[in-house]
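Engineer: I am sharing upload06.tsv, which consists of TSV, C-alpha atoms (C1' of nucleotides):
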chain	number	residue	atom	x	y	z
A	285	MET	CA	-94.10	-23.53	24.25
A	286	LEU	CA	-93.23	-25.30	21.01
A	287	LYS	CA	-93.88	-28.48	22.95
A	288	LEU	CA	-94.82	-31.43	20.80
A	289	SER	CA	-97.90	-33.45	21.57
A	290	LYS	CA	-98.25	-36.75	23.39
A	291	LYS	CA	-98.98	-38.41	20.10
A	292	ALA	CA	-95.60	-37.35	18.81
A	293	ASP	CA	-93.89	-38.44	22.01
A	294	TYR	CA	-95.53	-41.84	22.01
A	295	GLY	CA	-94.93	-42.30	18.31
A	296	LEU	CA	-91.23	-41.62	18.58
A	297	MET	CA	-90.88	-43.89	21.60
A	298	ALA	CA	-92.68	-46.69	19.82
A	299	LEU	CA	-90.61	-46.29	16.68
A	300	GLN	CA	-87.43	-46.37	18.66
A	301	HIS	CA	-88.61	-49.55	20.36
A	302	ILE	CA	-89.64	-51.24	17.14
A	303	ALA	CA	-86.39	-50.28	15.46
A	304	SER	CA	-84.35	-51.59	18.36
A	305	ASN	CA	-86.09	-54.95	18.27
A	306	GLN	CA	-85.76	-55.20	14.53
A	307	TYR	CA	-82.22	-54.00	13.98
A	308	GLY	CA	-80.80	-54.31	17.48
A	309	ASP	CA	-78.13	-56.58	18.87
A	310	VAL	CA	-80.53	-59.50	19.14
A	311	ALA	CA	-80.04	-59.83	15.39
A	312	GLN	CA	-83.42	-61.31	14.65
A	313	ALA	CA	-86.35	-59.33	13.35
A	314	ARG	CA	-89.06	-59.50	15.98
A	315	VAL	CA	-92.62	-58.35	15.49
A	316	VAL	CA	-93.81	-56.25	18.41
A	317	ASN	CA	-97.44	-55.51	19.17
A	318	THR	CA	-99.18	-52.53	20.63
A	319	LYS	CA	-99.79	-53.99	24.06
A	320	GLU	CA	-96.13	-54.80	24.57
A	321	ILE	CA	-95.00	-51.27	23.82
A	322	ALA	CA	-97.75	-49.72	25.90
A	323	GLU	CA	-96.80	-51.71	28.97
A	324	GLU	CA	-93.10	-51.09	28.52
A	325	TYR	CA	-93.47	-47.32	28.48
A	326	HIS	CA	-96.67	-46.96	30.53
A	327	ILE	CA	-98.67	-45.54	27.67
A	328	PRO	CA	-102.48	-45.90	27.36
A	329	VAL	CA	-102.95	-48.80	24.98
A	330	GLU	CA	-105.75	-47.41	22.84
A	331	LEU	CA	-104.04	-44.11	22.29
A	332	LEU	CA	-100.83	-45.80	21.24
A	333	ALA	CA	-102.85	-48.00	18.90
A	334	LYS	CA	-104.19	-44.95	17.16
A	335	VAL	CA	-100.73	-43.50	16.80
A	336	LEU	CA	-99.40	-46.70	15.30
A	337	GLN	CA	-102.32	-46.86	12.90
A	338	THR	CA	-101.48	-43.41	11.64
A	339	LEU	CA	-97.84	-44.28	11.20
A	340	SER	CA	-98.88	-47.41	9.36
A	341	LYS	CA	-100.95	-45.40	6.91
A	342	SER	CA	-97.97	-43.22	6.17
A	343	GLY	CA	-95.87	-46.24	5.32
A	344	ILE	CA	-93.45	-45.64	8.16
A	345	ILE	CA	-94.37	-48.97	9.72
A	346	GLU	CA	-96.15	-52.09	8.45
A	347	SER	CA	-99.03	-53.71	10.27
A	348	HIS	CA	-99.47	-57.47	10.50
A	349	ASN	CA	-102.84	-58.77	11.55
A	350	GLY	CA	-103.90	-61.79	13.53
A	351	PRO	CA	-102.21	-63.74	16.33
A	352	LYS	CA	-98.47	-63.18	16.47
A	353	GLY	CA	-99.18	-60.02	14.56
A	354	GLY	CA	-97.93	-56.54	15.27
A	355	TYR	CA	-95.77	-53.91	13.67
A	356	LEU	CA	-92.57	-53.79	11.70
A	357	LEU	CA	-90.60	-50.92	10.29
A	358	GLY	CA	-91.64	-50.05	6.75
A	359	LYS	CA	-88.30	-48.59	5.78
A	360	ASN	CA	-84.72	-48.58	6.80
A	361	PRO	CA	-84.16	-46.51	9.96
A	362	ARG	CA	-81.85	-44.22	7.98
A	363	GLU	CA	-84.71	-43.27	5.69
A	364	ILE	CA	-87.21	-42.46	8.43
A	365	THR	CA	-86.80	-38.78	9.23
A	366	ILE	CA	-88.15	-37.13	12.36
A	367	ALA	CA	-89.83	-34.56	10.15
A	368	HIS	CA	-91.79	-37.25	8.34
A	369	VAL	CA	-92.89	-38.86	11.59
A	370	LEU	CA	-94.06	-35.58	13.09
A	371	GLU	CA	-95.86	-34.48	9.95
A	372	SER	CA	-97.55	-37.85	9.75
A	373	LEU	CA	-98.88	-37.58	13.29
A	374	GLU	CA	-99.70	-33.89	13.55
A	375	GLY	CA	-100.08	-32.58	10.06
A	376	PRO	CA	-97.77	-30.31	8.11
A	377	LEU	CA	-95.40	-28.47	10.37
A	378	GLY	CA	-95.36	-24.72	10.05
A	379	ILE	CA	-94.48	-21.97	12.48
A	380	MET	CA	-97.39	-19.82	11.38
A	381	ASP	CA	-100.79	-20.17	9.77
A	382	CYS	CA	-99.79	-18.62	6.47
A	383	SER	CA	-96.88	-20.98	5.96
A	384	HIS	CA	-98.14	-22.56	2.78
A	385	GLU	CA	-101.54	-21.15	2.21
A	386	LYS	CA	-103.22	-20.81	-1.14
A	387	ASP	CA	-104.25	-17.45	-2.48
A	388	GLY	CA	-107.75	-17.85	-1.16
A	389	ASP	CA	-107.31	-18.30	2.56
A	390	ALA	CA	-105.03	-15.38	3.22
A	391	CYS	CA	-105.10	-14.16	6.78
A	392	MET	CA	-106.54	-10.78	7.60
A	393	GLN	CA	-103.26	-9.09	8.38
A	394	ARG	CA	-101.46	-10.68	5.48
A	395	GLU	CA	-101.02	-7.55	3.40
A	396	HIS	CA	-99.67	-5.57	6.32
A	397	CYS	CA	-97.76	-8.47	7.78
A	398	ASN	CA	-94.19	-7.53	8.53
A	399	ILE	CA	-92.89	-10.72	10.06
A	400	ARG	CA	-93.72	-13.27	7.42
A	401	THR	CA	-90.39	-13.30	5.65
A	402	PRO	CA	-88.12	-13.66	8.68
A	403	LEU	CA	-90.39	-16.29	10.21
A	404	LEU	CA	-90.28	-18.30	7.03
A	405	LYS	CA	-86.52	-18.41	7.34
A	406	ILE	CA	-86.76	-19.72	10.88
A	407	GLN	CA	-89.28	-22.30	9.83
A	408	SER	CA	-87.06	-23.46	7.01
A	409	SER	CA	-84.16	-23.91	9.41
A	410	ILE	CA	-86.22	-25.96	11.83
A	411	TYR	CA	-87.51	-28.14	9.04
A	412	GLN	CA	-84.02	-28.82	7.78
A	413	LEU	CA	-83.01	-29.78	11.28
A	414	LEU	CA	-85.84	-32.26	11.67
A	415	ASN	CA	-85.46	-33.56	8.15
A	416	ASN	CA	-81.79	-34.34	8.58
A	417	MET	CA	-82.24	-36.39	11.74
A	418	THR	CA	-83.36	-39.98	11.21
A	419	LEU	CA	-84.53	-42.79	13.41
A	420	GLN	CA	-81.08	-44.29	12.97
A	421	ASP	CA	-79.60	-41.26	14.70
A	422	MET	CA	-82.03	-41.62	17.58
A	423	MET	CA	-81.05	-45.25	18.11
A	424	GLY	CA	-77.41	-44.39	18.52
A	425	GLY	CA	-77.85	-42.42	21.68
A	426	THR	CA	-79.93	-44.68	23.89
A	427	PRO	CA	-78.99	-43.44	27.35
A	428	LEU	CA	-80.09	-46.20	29.70
A	429	ILE	CA	-79.58	-49.31	27.61
A	430	THR	CA	-75.91	-50.02	27.25
A	431	ILE	CA	-74.90	-53.30	25.71
A	432	GLN	CA	-71.57	-53.39	27.51
A	433	SER	CA	-73.21	-53.14	30.89
A	434	VAL	CA	-75.06	-56.38	30.26
A	435	THR	CA	-71.79	-58.26	29.86
A	436	THR	CA	-70.23	-56.72	32.96
A	437	GLU	CA	-73.12	-57.28	35.35
A	438	GLN	CA	-75.73	-59.89	34.51
A	439	GLN	CA	-78.15	-59.41	37.35
A	440	GLY	CA	-81.29	-60.27	35.50
A	441	VAL	CA	-81.40	-57.04	33.58
A	442	GLU	CA	-81.43	-58.13	30.00
A	443	ARG	CA	-83.65	-55.47	28.45
B	524	MET	CA	-97.76	-28.57	14.12
B	525	LEU	CA	-95.14	-26.55	15.97
B	526	LYS	CA	-97.27	-23.56	15.14
B	527	LEU	CA	-96.77	-20.64	17.49
B	528	SER	CA	-99.75	-19.02	19.14
B	529	LYS	CA	-101.58	-15.87	18.17
B	530	LYS	CA	-100.08	-14.13	21.13
B	531	ALA	CA	-96.62	-14.76	19.73
B	532	ASP	CA	-97.67	-13.63	16.27
B	533	TYR	CA	-99.19	-10.42	17.52
B	534	GLY	CA	-96.30	-9.74	19.84
B	535	LEU	CA	-93.74	-10.03	17.08
B	536	MET	CA	-95.77	-7.87	14.74
B	537	ALA	CA	-96.16	-5.19	17.38
B	538	LEU	CA	-92.48	-5.25	18.23
B	539	GLN	CA	-91.53	-4.89	14.62
B	540	HIS	CA	-93.89	-1.95	14.31
B	541	ILE	CA	-92.60	-0.24	17.43
B	542	ALA	CA	-89.01	-0.76	16.40
B	543	SER	CA	-89.66	0.62	12.93
B	544	ASN	CA	-91.21	3.77	14.34
B	545	GLN	CA	-88.43	4.21	16.83
B	546	TYR	CA	-85.39	3.40	14.74
B	547	GLY	CA	-86.81	3.71	11.23
B	548	ASP	CA	-86.06	6.21	8.48
B	549	VAL	CA	-88.33	8.83	10.03
B	550	ALA	CA	-85.44	9.42	12.39
B	551	GLN	CA	-87.53	10.54	15.33
B	552	ALA	CA	-88.53	8.32	18.22
B	553	ARG	CA	-92.29	8.06	18.21
B	554	VAL	CA	-94.41	6.57	20.94
B	555	VAL	CA	-97.03	4.21	19.52
B	556	ASN	CA	-100.07	3.09	21.42
B	557	THR	CA	-102.04	-0.13	21.45
B	558	LYS	CA	-104.96	1.11	19.40
B	559	GLU	CA	-102.76	2.28	16.57
B	560	ILE	CA	-101.04	-1.09	16.21
B	561	ALA	CA	-104.29	-3.00	16.52
B	562	GLU	CA	-105.90	-1.06	13.69
B	563	GLU	CA	-102.85	-1.24	11.47
B	564	TYR	CA	-102.68	-5.04	11.61
B	565	HIS	CA	-106.35	-5.82	12.29
B	566	ILE	CA	-105.69	-7.33	15.68
B	567	PRO	CA	-108.30	-7.37	18.50
B	568	VAL	CA	-107.34	-4.46	20.72
B	569	GLU	CA	-107.82	-6.07	24.11
B	570	LEU	CA	-105.80	-9.13	23.22
B	571	LEU	CA	-102.95	-7.03	21.89
B	572	ALA	CA	-103.05	-4.96	25.06
B	573	LYS	CA	-102.57	-8.07	27.12
B	574	VAL	CA	-99.64	-9.11	24.99
B	575	LEU	CA	-97.98	-5.71	25.29
B	576	GLN	CA	-98.45	-5.75	29.06
B	577	THR	CA	-96.63	-9.04	29.23
B	578	LEU	CA	-93.78	-7.78	27.08
B	579	SER	CA	-93.59	-4.71	29.27
B	580	LYS	CA	-93.23	-6.81	32.40
B	581	SER	CA	-90.35	-8.65	30.80
B	582	GLY	CA	-88.56	-5.37	30.11
B	583	ILE	CA	-88.68	-5.85	26.36
B	584	ILE	CA	-90.75	-2.70	25.99
B	585	GLU	CA	-91.48	0.26	28.26
B	586	SER	CA	-94.99	1.48	28.95
B	587	HIS	CA	-95.84	5.15	29.28
B	588	ASN	CA	-99.12	5.97	30.89
B	589	GLY	CA	-101.54	8.78	30.24
B	590	PRO	CA	-102.31	10.83	27.15
B	591	LYS	CA	-99.63	10.72	24.48
B	592	GLY	CA	-98.63	7.53	26.20
B	593	GLY	CA	-97.86	4.23	24.60
B	594	TYR	CA	-94.96	1.88	24.23
B	595	LEU	CA	-91.29	2.20	23.48
B	596	LEU	CA	-88.59	-0.39	23.08
B	597	GLY	CA	-86.86	-1.21	26.33
B	598	LYS	CA	-83.62	-2.28	24.71
B	599	ASN	CA	-81.72	-1.96	21.50
B	600	PRO	CA	-83.25	-4.08	18.74
B	601	ARG	CA	-80.00	-6.00	18.51
B	602	GLU	CA	-80.42	-7.17	22.09
B	603	ILE	CA	-84.00	-8.36	21.76
B	604	THR	CA	-83.89	-12.00	20.76
B	605	ILE	CA	-86.80	-13.92	19.32
B	606	ALA	CA	-86.25	-16.54	21.98
B	607	HIS	CA	-86.71	-14.01	24.76
B	608	VAL	CA	-89.91	-12.66	23.20
B	609	LEU	CA	-91.42	-16.10	22.76
B	610	GLU	CA	-90.48	-17.24	26.24
B	611	SER	CA	-91.92	-14.08	27.68
B	612	LEU	CA	-95.25	-14.65	25.98
B	613	GLU	CA	-95.65	-18.40	26.21
B	614	GLY	CA	-93.42	-19.61	28.97
B	615	PRO	CA	-90.18	-21.53	28.72
B	616	LEU	CA	-89.82	-23.21	25.36
B	617	GLY	CA	-89.17	-26.89	25.41
B	618	ILE	CA	-89.87	-29.62	22.92
B	619	MET	CA	-91.00	-32.05	25.60
B	620	ASP	CA	-92.41	-32.05	29.11
B	621	CYS	CA	-89.25	-33.32	30.75
B	622	SER	CA	-87.07	-30.61	29.25
B	623	HIS	CA	-85.95	-29.06	32.48
B	624	GLU	CA	-87.82	-30.82	35.18
B	625	LYS	CA	-86.67	-31.18	38.74
B	626	ASP	CA	-86.16	-34.57	40.29
B	627	GLY	CA	-89.65	-34.57	41.76
B	628	ASP	CA	-91.92	-34.24	38.78
B	629	ALA	CA	-90.46	-36.94	36.62
B	630	CYS	CA	-92.86	-38.31	34.05
B	631	MET	CA	-94.12	-41.85	34.30
B	632	GLN	CA	-92.11	-43.23	31.40
B	633	ARG	CA	-89.00	-41.33	32.34
B	634	GLU	CA	-86.92	-44.28	33.43
B	635	HIS	CA	-87.71	-46.24	30.31
B	636	CYS	CA	-87.62	-43.22	28.04
B	637	ASN	CA	-85.46	-43.81	25.01
B	638	ILE	CA	-85.90	-40.57	23.14
B	639	ARG	CA	-84.97	-38.00	25.74
B	640	THR	CA	-81.34	-37.54	24.74
B	641	PRO	CA	-81.82	-37.07	21.00
B	642	LEU	CA	-84.76	-34.77	21.54
B	643	LEU	CA	-82.73	-32.62	23.87
B	644	LYS	CA	-80.23	-32.13	21.08
B	645	ILE	CA	-82.96	-31.00	18.71
B	646	GLN	CA	-84.33	-28.66	21.32
B	647	SER	CA	-80.92	-27.15	21.89
B	648	SER	CA	-80.51	-26.48	18.19
B	649	ILE	CA	-83.88	-24.77	17.93
B	650	TYR	CA	-83.14	-22.63	20.93
B	651	GLN	CA	-79.82	-21.51	19.49
B	652	LEU	CA	-81.60	-20.60	16.29
B	653	LEU	CA	-84.17	-18.47	18.06
B	654	ASN	CA	-81.62	-16.98	20.41
B	655	ASN	CA	-79.35	-15.83	17.63
B	656	MET	CA	-82.03	-14.00	15.70
B	657	THR	CA	-82.85	-10.54	17.00
B	658	LEU	CA	-85.49	-7.95	16.32
B	659	GLN	CA	-82.86	-6.08	14.35
B	660	ASP	CA	-82.64	-9.02	11.95
B	661	MET	CA	-86.39	-9.03	11.52
B	662	MET	CA	-86.40	-5.36	10.61
B	663	GLY	CA	-83.90	-5.86	7.85
B	664	GLY	CA	-86.13	-8.05	5.78
B	665	THR	CA	-89.34	-6.06	5.76
B	666	PRO	CA	-90.90	-7.14	2.48
B	667	LEU	CA	-93.30	-4.30	1.81
B	668	ILE	CA	-91.38	-1.36	3.19
B	669	THR	CA	-88.47	-0.55	0.97
B	670	ILE	CA	-86.79	2.76	1.52
B	671	GLN	CA	-85.21	2.84	-1.90
B	672	SER	CA	-88.52	2.35	-3.64
B	673	VAL	CA	-89.89	5.48	-2.01
B	674	THR	CA	-87.17	7.57	-3.55
B	675	THR	CA	-87.52	6.05	-7.01
B	676	GLU	CA	-91.29	6.13	-7.29
B	677	GLN	CA	-93.30	8.41	-5.05
B	678	GLN	CA	-96.79	7.44	-6.05
B	679	GLY	CA	-98.38	7.69	-2.66
B	680	VAL	CA	-97.31	4.26	-1.58
B	681	GLU	CA	-95.34	4.98	1.51
B	682	ARG	CA	-96.29	1.96	3.60
C	1076	DT	C1'	-110.76	18.03	37.23
C	1077	DT	C1'	-111.53	15.96	32.86
C	1078	DT	C1'	-109.70	13.42	29.25
C	1079	DT	C1'	-106.91	9.77	27.44
C	1080	DA	C1'	-104.13	6.06	27.83
C	1081	DT	C1'	-102.28	1.76	30.05
C	1082	DA	C1'	-102.77	-2.01	33.86
C	1083	DC	C1'	-105.20	-5.77	35.79
C	1084	DG	C1'	-108.34	-9.47	36.75
C	1085	DA	C1'	-112.18	-12.44	35.88
C	1086	DC	C1'	-115.07	-14.61	32.51
C	1087	DT	C1'	-116.89	-17.01	28.19
C	1088	DG	C1'	-116.76	-19.67	23.92
C	1089	DA	C1'	-114.22	-22.37	20.77
C	1090	DT	C1'	-110.53	-25.26	19.29
C	1091	DT	C1'	-107.44	-28.73	20.24
C	1092	DT	C1'	-105.89	-32.65	22.58
C	1093	DG	C1'	-105.96	-36.85	25.41
C	1094	DA	C1'	-108.34	-40.85	26.22
C	1095	DT	C1'	-112.12	-44.49	25.50
C	1096	DC	C1'	-115.34	-47.78	23.40
C	1097	DG	C1'	-117.27	-51.17	20.26
C	1098	DG	C1'	-116.62	-53.52	15.89
C	1099	DA	C1'	-114.10	-55.63	11.66
C	1100	DG	C1'	-110.59	-58.52	9.72
C	1101	DA	C1'	-106.93	-61.83	9.75
C	1102	DT	C1'	-104.43	-65.80	11.54
C	1103	DC	C1'	-103.64	-69.99	14.04
C	1104	DA	C1'	-105.30	-74.37	16.24
C	1105	DT	C1'	-108.31	-77.91	16.03
D	1008	DA	C1'	-112.99	-75.89	7.13
D	1009	DT	C1'	-114.38	-73.64	11.19
D	1010	DG	C1'	-114.25	-71.63	15.38
D	1011	DA	C1'	-111.82	-68.95	18.67
D	1012	DT	C1'	-108.52	-65.60	19.58
D	1013	DC	C1'	-105.80	-61.86	18.73
D	1014	DT	C1'	-104.90	-57.96	16.29
D	1015	DC	C1'	-105.92	-53.64	13.75
D	1016	DC	C1'	-109.34	-50.11	12.77
D	1017	DG	C1'	-112.89	-46.22	12.87
D	1018	DA	C1'	-116.02	-43.44	15.47
D	1019	DT	C1'	-117.03	-41.20	19.83
D	1020	DC	C1'	-116.48	-38.71	24.42
D	1021	DA	C1'	-114.30	-35.82	27.99
D	1022	DA	C1'	-110.68	-32.64	29.58
D	1023	DA	C1'	-107.45	-29.02	28.93
D	1024	DT	C1'	-105.78	-25.21	26.56
D	1025	DC	C1'	-106.28	-21.02	23.96
D	1026	DA	C1'	-108.30	-16.92	21.68
D	1027	DG	C1'	-111.01	-13.32	22.63
D	1028	DT	C1'	-114.15	-10.25	25.72
D	1029	DC	C1'	-115.70	-7.32	29.45
D	1030	DG	C1'	-115.41	-4.23	33.30
D	1031	DT	C1'	-112.75	-1.69	36.49
D	1032	DA	C1'	-108.70	0.60	38.38
D	1033	DT	C1'	-104.67	3.65	37.99
D	1034	DA	C1'	-101.65	7.14	36.10
D	1035	DA	C1'	-100.37	11.20	33.49
D	1036	DA	C1'	-101.19	15.26	30.64
D	1037	DA	C1'	-104.12	19.24	29.48
Hey, can you dump this file as structure tokens for me?

Structural biologist:
Amino acid sequence: MLKLSKKADYGLMALQHIASNQYGDVAQARVVNTKEIAEEYHIPVELLAKVLQTLSKSGIIESHNGPKGGYLLGKNPREITIAHVLESLEGPLGIMDCSHEKDGDACMQREHCNIRTPLLKIQSSIYQLLNNMTLQDMMGGTPLITIQSVTTEQQGVER
Amino acid sequence: MLKLSKKADYGLMALQHIASNQYGDVAQARVVNTKEIAEEYHIPVELLAKVLQTLSKSGIIESHNGPKGGYLLGKNPREITIAHVLESLEGPLGIMDCSHEKDGDACMQREHCNIRTPLLKIQSSIYQLLNNMTLQDMMGGTPLITIQSVTTEQQGVER
DNA sequence: TTTTATACGACTGATTTGATCGGAGATCAT
DNA sequence: ATGATCTCCGATCAAATCAGTCGTATAAAA
């Protein structure tokens, strides 16, 4: 329950990868393409492509066509919030249907609804949480890639 | 996105209704049945029944069979957390697939996954949020039922 | 024993989601 | 400049999940 979709998963993975290659320790902005990311994380290529297209439309990343093309971050990692990414991929996030409805499309039980107010508070809290966390924060805690470990043991593991 | 299911909606509504009738200003514990709740909130009866059965199994409410039967709260409203209700109705809540997996069913991209750690933090925060809010808290903020208003103006609007 | 209510399981239709295919546009090499 | 290649892009298809339905069984009160 409350599980986010594959699209969201793949999107976040890809963004983390792009950000790492662009702002990482290599210190040179590198354009990465869809195929590269898909193979790295074992994601179906076409599906990932669609995800990246959506993110591109939202201005989160920039697409570059042609050979040697690919994607680049559209903003600074600090300015890319998780909330924006998720909303871009899966539409406006709301705990319930009547989160931000207009007067017309009120749900049937709206006038007798007794849980709307407290749920709105919960929703607001979750949104704040997702809106305060940025891609920059996600880069900090990469669990398996530790730069120090590369210097200590150099057994062909440079990624 | 992140929208909770109808089952969860209906379950919360029903619980709020049951709690209000049991601990409300009427000051007498009243057993409410499925049909009554369904009509009050315009919910399909059979679906609500299923939801209430599930909640009953979890010990959140108690079922009483036969005529004059119905449902009663199984615990004090302060001890019924939103998290418990949601988990009861929709299974364990987790932002991602690999939230609490055993060693066996690791996902394909697990070893290269770069977003697991930060997402776990988000998930933990959401769980705390839902685990700290109880049914008691939801009763406090009932928007349409105001006890004071009944005393001030008694124009047949007692709901 | 009849009435009234919940408990339980199987089933159907619809919505959402995951995944796939063919084409359009841009860039580099010649 | 032009062709060939590589990428992004939009439309389409299949699978899984979910909301809702139906019929039957069981239990308690009158």

Engineer: Considering only C-alpha atoms (C1' of nucleotides), state which residue in the set B:Gly593, B:Glu562, B:Leu578, B:Gln539 is at the smallest distance from chain C.

Structural biologist: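 Answer, going by the shortest atom-to-atom distance: B:Gly593.
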
Engineer: I need the chain A residues near chain D as a PDB file with C-alpha atoms, in the frame of the given file; criterion: at most 7 Å, counting only C-alpha atoms (C1' of nucleotides).

Structural biologist:
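Okay, out_25.pdb is ready:
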ATOM      1  CA  ASN A 349    -102.840 -58.770  11.550  1.00  0.00           C
ATOM      2  CA  GLY A 350    -103.900 -61.790  13.530  1.00  0.00           C
ATOM      3  CA  PRO A 351    -102.210 -63.740  16.330  1.00  0.00           C
ATOM      4  CA  GLY A 353     -99.180 -60.020  14.560  1.00  0.00           C
TER       5      GLY A 353
END

Engineer: Work out how far atom CA of Leu286 of chain A is from atom CA of Leu332 of chain A, in Å to one decimal.

Structural biologist: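 These atoms are spaced 21.9 Å apart.
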
Engineer: Determine, using all atoms listed in the file, which residues of segment 329-419 of chain A have any atom at most 12 Å from an atom of segment 540-547 of chain B, and tabulate each with its shortest atom pair and distance in Å to one decimal place, rows ordered by chain and then rising number, as a tab-separated table.

Structural biologist:
residue	atom	partner	partner_atom	distance
A:His396	CA	B:His540	CA	10.5
A:Cys397	CA	B:His540	CA	10.0
A:Asn398	CA	B:His540	CA	8.0
A:Ile399	CA	B:His540	CA	9.8

Engineer: Taking all atoms listed in the file into account, find every residue of chain C that has an atom no more than 10 Å from chain A, and write it out as a PyMOL selection string.

Structural biologist: chain C and resi 1092-1096+1100-1103

Engineer: For a test of reading the model, state the distance in Å between atom CA of Lys334 of chain A and atom CA of Cys621 of chain B, rounded to one decimal.

Structural biologist: 23.3 Å

Engineer: Counting only C-alpha atoms, give me one row per residue of chain A with an atom at most 7 Å from an atom of chain B, showing the shortest contact pair and its distance in Å to one decimal, sorted by chain then residue number, as a Markdown table.

Structural biologist:
| residue | atom | partner | partner_atom | distance |
| --- | --- | --- | --- | --- |
| A:Met285 | CA | B:Leu616 | CA | 4.4 |
| A:Leu286 | CA | B:Leu525 | CA | 5.5 |
| A:Lys287 | CA | B:Ile618 | CA | 4.2 |
| A:Leu288 | CA | B:Ile618 | CA | 5.7 |
| A:Met297 | CA | B:Ile638 | CA | 6.2 |
| A:Tyr325 | CA | B:Gln632 | CA | 5.2 |
| A:His326 | CA | B:Gln632 | CA | 6.0 |
| A:Glu374 | CA | B:Met524 | CA | 5.7 |
| A:Gly375 | CA | B:Met524 | CA | 6.2 |
| A:Pro376 | CA | B:Met524 | CA | 6.3 |
| A:Leu377 | CA | B:Met524 | CA | 4.4 |
| A:Gly378 | CA | B:Lys526 | CA | 5.6 |
| A:Ile379 | CA | B:Lys526 | CA | 4.2 |
| A:Met380 | CA | B:Lys526 | CA | 5.3 |
| A:Met392 | CA | B:His565 | CA | 6.8 |
| A:Gln393 | CA | B:Tyr564 | CA | 5.2 |
| A:His396 | CA | B:Tyr564 | CA | 6.1 |
| A:Asn398 | CA | B:Thr665 | CA | 5.8 |
| A:Ile399 | CA | B:Met536 | CA | 6.2 |
| A:Thr401 | CA | B:Gly664 | CA | 6.8 |
| A:Pro402 | CA | B:Met661 | CA | 5.7 |
| A:Ile410 | CA | B:Ile649 | CA | 6.6 |
| A:Met422 | CA | B:Pro641 | CA | 5.7 |
| A:Gly425 | CA | B:Pro641 | CA | 6.7 |
| A:Thr426 | CA | B:Asn637 | CA | 5.7 |
| A:Pro427 | CA | B:Thr640 | CA | 6.9 |

Engineer: Just give me the gap between atom CA of Val315 of chain A and atom CA of Leu336 of chain A in Å, one decimal is fine.

Structural biologist: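 Interatomic distance here is 13.5 Å.
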